[in-house]
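Engineer: Sharing a structure below in structure tokens format, with a few things to ask.
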Amino acid sequence: MRIALLLGVLLAPLGLALAQDAPSPRAYGMRPLWSVPAPQAPERADALAGRAVAIGGDLGAGWACVQCHGLYGAGDGSGAFPRLSGLSAWYLYKQLMDYASGTRVNAVMTPIARAMTEREMLDVATWYARQGEAPFPPPPRVDLAIRQRGAAIAAVGIAARGVTACVNCHGMEGEAPNIAIPSLAGQYAPYIALQLRLWKQGERRNGPLGVMAAVAAGMTEAEIDAVALYYASLRPGVAPR
């Protein structure tokens, strides 16, 4: 462990040199998302009612969140079913609303969201947001150089291609300080990589200020994978080494 820590320290200047002077969102006439006041979080939500929604709602509802995300929001590492535990209720609620409106499209989630009432969305979002103790799988085994590259991009971006630092919006340790932004610490690498590729391809368009589309457009496939693996290796409340 000491060797890994020492190598990380020695390689950090290289990562910073490759990506120093990355432009901030202000370079594009945008405020950093952490400075944009988030909408009010869902109020008067019933977490226990949300639990009932998660396990299938009324008989014949046609969905059961637990089949893919688990009762406590742990999800799985396939890339299709993200971890929901640790995300804010407002963010989860907004994603359901976006699926229902067609702003965000997914073959599985779109019909499910359209079958739900707004109150059901509110309640199930609150249920999953409160499940902060869902167990994490072991961190992925990542080559140190790849992890270091992902950490450098997350910390300072890639100036030459207009990629802003991930920490501007998602927090220094992957725990977003704004309820409108998803936390990334511990999220599955295949899911993070998939979403970045959807932003890059223009297939996902429901982010604020167009930031994610611009960021992903400037990243290579290898850089996307490196950032995804870096965030997947973090754990909430534990400072990156």
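In the structure tokens, chains take the letters A, B, ... in the order shown, each chain's residues start at 1, and ligands count up from 1 in the order shown.
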Tell me, counting only C-alpha atoms, for each residue of range 200-240 of chain A within 10 Å of range 78-96 of chain A, which pair of atoms is nearest and how far apart they are in Å to one decimal, in rows ordered by chain and increasing number, as a tab-separated table.
Structural biologist:
```
residue	atom	partner	partner_atom	distance
A:Asn206	CA	A:Gln95	CA	8.5
A:Gly207	CA	A:Gln95	CA	9.9
A:Pro236	CA	A:Gly86	CA	8.5
```
Engineer: Extract the full set of helix (DSSP H, G or I) residues from range 20-211 of chain A according to DSSP on the backbone, and format it as a ChimeraX atom specification.
Structural biologist: /A:25-28,33-35,47-54,66-69,89-101,109-115,118-129,144-156,159-161,167-170,189-200,208-211
Engineer: Quick one: pull the distance between CA of Ala155 in chain A and CA of Val167 in chain A, Å, one decimal.
Structural biologist: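 Between CA of Ala155 in chain A and CA of Val167 in chain A the gap works out to 5.8 Å.
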Engineer: Could you check which of A:Cys169, A:Pro137, A:Ile224, A:Trp63 is closest to Pro208 in chain A, using only C-alpha atoms?
Structural biologist: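 Once distances to Pro208 in chain A are computed over only C-alpha atoms, the minimum belongs to A:Cys169.
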Engineer: For range 171-177 of chain A, find every residue with an atom within 8 Å (counting only C-alpha atoms), except residues of its own chain fewer than 4 positions away, and show them as a compact mmCIF listing (two decimals) with all heavy atoms, in the first residue's frame.
Structural biologist:
```
# COMPACT_ATOMS: atom_id res chain seq x y z
N TRP A 34 -21.57 23.90 -9.15
CA TRP A 34 -21.72 23.94 -7.70
C TRP A 34 -22.11 25.33 -7.22
O TRP A 34 -22.47 25.51 -6.08
CB TRP A 34 -20.44 23.47 -7.00
CG TRP A 34 -19.16 23.96 -7.59
CD1 TRP A 34 -18.29 23.26 -8.37
CD2 TRP A 34 -18.57 25.25 -7.43
NE1 TRP A 34 -17.21 24.02 -8.72
CE2 TRP A 34 -17.35 25.24 -8.16
CE3 TRP A 34 -18.95 26.40 -6.76
CZ2 TRP A 34 -16.51 26.35 -8.23
CZ3 TRP A 34 -18.12 27.51 -6.83
CH2 TRP A 34 -16.92 27.48 -7.56
N ALA A 155 -9.21 15.96 -11.67
CA ALA A 155 -8.73 17.09 -10.87
C ALA A 155 -8.57 18.37 -11.67
O ALA A 155 -8.93 19.45 -11.19
CB ALA A 155 -7.41 16.73 -10.21
N CYS A 166 -13.60 17.50 -13.53
CA CYS A 166 -14.81 16.88 -12.97
C CYS A 166 -15.13 17.43 -11.58
O CYS A 166 -16.30 17.53 -11.19
CB CYS A 166 -14.64 15.37 -12.89
SG CYS A 166 -14.14 14.56 -14.43
N VAL A 167 -14.07 17.76 -10.82
CA VAL A 167 -14.28 18.20 -9.43
C VAL A 167 -15.04 19.52 -9.36
O VAL A 167 -15.61 19.84 -8.32
CB VAL A 167 -12.94 18.34 -8.69
CG1 VAL A 167 -12.20 17.01 -8.62
CG2 VAL A 167 -12.05 19.42 -9.32
N ILE A 181 -26.59 17.53 -8.87
CA ILE A 181 -25.46 16.86 -9.52
C ILE A 181 -25.25 15.50 -8.87
O ILE A 181 -25.25 15.39 -7.65
CB ILE A 181 -24.17 17.70 -9.37
CG1 ILE A 181 -24.42 19.14 -9.82
CG2 ILE A 181 -23.04 17.06 -10.17
CD1 ILE A 181 -24.83 19.29 -11.25
N PRO A 182 -25.06 14.44 -9.65
CA PRO A 182 -24.86 13.12 -9.04
C PRO A 182 -23.48 12.95 -8.42
O PRO A 182 -22.49 13.42 -8.97
CB PRO A 182 -25.03 12.17 -10.23
CG PRO A 182 -24.61 12.97 -11.41
CD PRO A 182 -25.07 14.37 -11.13
N SER A 183 -23.45 12.30 -7.27
CA SER A 183 -22.17 11.88 -6.70
C SER A 183 -21.65 10.70 -7.52
O SER A 183 -22.43 9.88 -8.00
CB SER A 183 -22.36 11.47 -5.23
OG SER A 183 -22.72 12.59 -4.45
N LEU A 184 -20.34 10.63 -7.67
CA LEU A 184 -19.74 9.58 -8.49
C LEU A 184 -18.93 8.58 -7.69
O LEU A 184 -18.61 7.51 -8.20
CB LEU A 184 -18.84 10.21 -9.57
CG LEU A 184 -19.53 11.14 -10.57
CD1 LEU A 184 -18.51 11.68 -11.56
CD2 LEU A 184 -20.67 10.43 -11.29
N ALA A 185 -18.58 8.91 -6.47
CA ALA A 185 -17.75 8.02 -5.66
C ALA A 185 -18.42 6.66 -5.48
O ALA A 185 -19.52 6.58 -4.93
CB ALA A 185 -17.46 8.64 -4.30
N TYR A 231 -13.27 6.97 -10.48
CA TYR A 231 -14.40 7.24 -9.59
C TYR A 231 -14.97 5.96 -8.98
O TYR A 231 -15.42 5.95 -7.84
CB TYR A 231 -15.48 8.03 -10.33
CG TYR A 231 -15.20 9.51 -10.34
CD1 TYR A 231 -14.92 10.18 -11.51
CD2 TYR A 231 -15.18 10.24 -9.15
CE1 TYR A 231 -14.64 11.55 -11.52
CE2 TYR A 231 -14.90 11.60 -9.14
CZ TYR A 231 -14.62 12.23 -10.33
OH TYR A 231 -14.34 13.58 -10.32
N LEU A 234 -13.25 5.05 -5.73
CA LEU A 234 -13.43 5.89 -4.55
C LEU A 234 -14.58 5.35 -3.70
O LEU A 234 -15.44 4.62 -4.17
CB LEU A 234 -13.73 7.33 -4.96
CG LEU A 234 -12.69 8.06 -5.81
CD1 LEU A 234 -13.15 9.49 -6.07
CD2 LEU A 234 -11.33 8.04 -5.13
N PRO A 236 -17.38 6.94 -0.64
CA PRO A 236 -17.83 8.15 0.04
C PRO A 236 -17.22 8.28 1.43
O PRO A 236 -17.14 7.30 2.17
CB PRO A 236 -19.36 7.95 0.12
CG PRO A 236 -19.68 7.04 -1.01
CD PRO A 236 -18.50 6.11 -1.12
N GLY A 237 -16.78 9.47 1.75
CA GLY A 237 -16.24 9.73 3.07
C GLY A 237 -14.79 9.31 3.24
O GLY A 237 -14.21 9.49 4.32
N VAL A 238 -14.19 8.76 2.19
CA VAL A 238 -12.80 8.33 2.26
C VAL A 238 -12.00 9.15 1.26
O VAL A 238 -12.26 9.09 0.05
CB VAL A 238 -12.65 6.83 1.93
CG1 VAL A 238 -11.18 6.41 2.01
CG2 VAL A 238 -13.49 6.00 2.87
N ALA A 239 -11.04 9.92 1.73
CA ALA A 239 -10.25 10.79 0.86
C ALA A 239 -9.43 9.93 -0.11
O ALA A 239 -8.88 8.91 0.28
CB ALA A 239 -9.32 11.68 1.68
N PRO A 240 -9.35 10.34 -1.40
CA PRO A 240 -8.54 9.59 -2.36
C PRO A 240 -7.08 9.55 -1.92
O PRO A 240 -6.56 10.53 -1.37
CB PRO A 240 -8.70 10.40 -3.66
CG PRO A 240 -9.94 11.21 -3.47
CD PRO A 240 -10.01 11.50 -2.00
```
Engineer: To one decimal place, how far is CA of Gly218 in chain A from CA of Arg161 in chain A in Å?
Structural biologist: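 CA of Arg161 in chain A lies 5.3 Å from CA of Gly218 in chain A.
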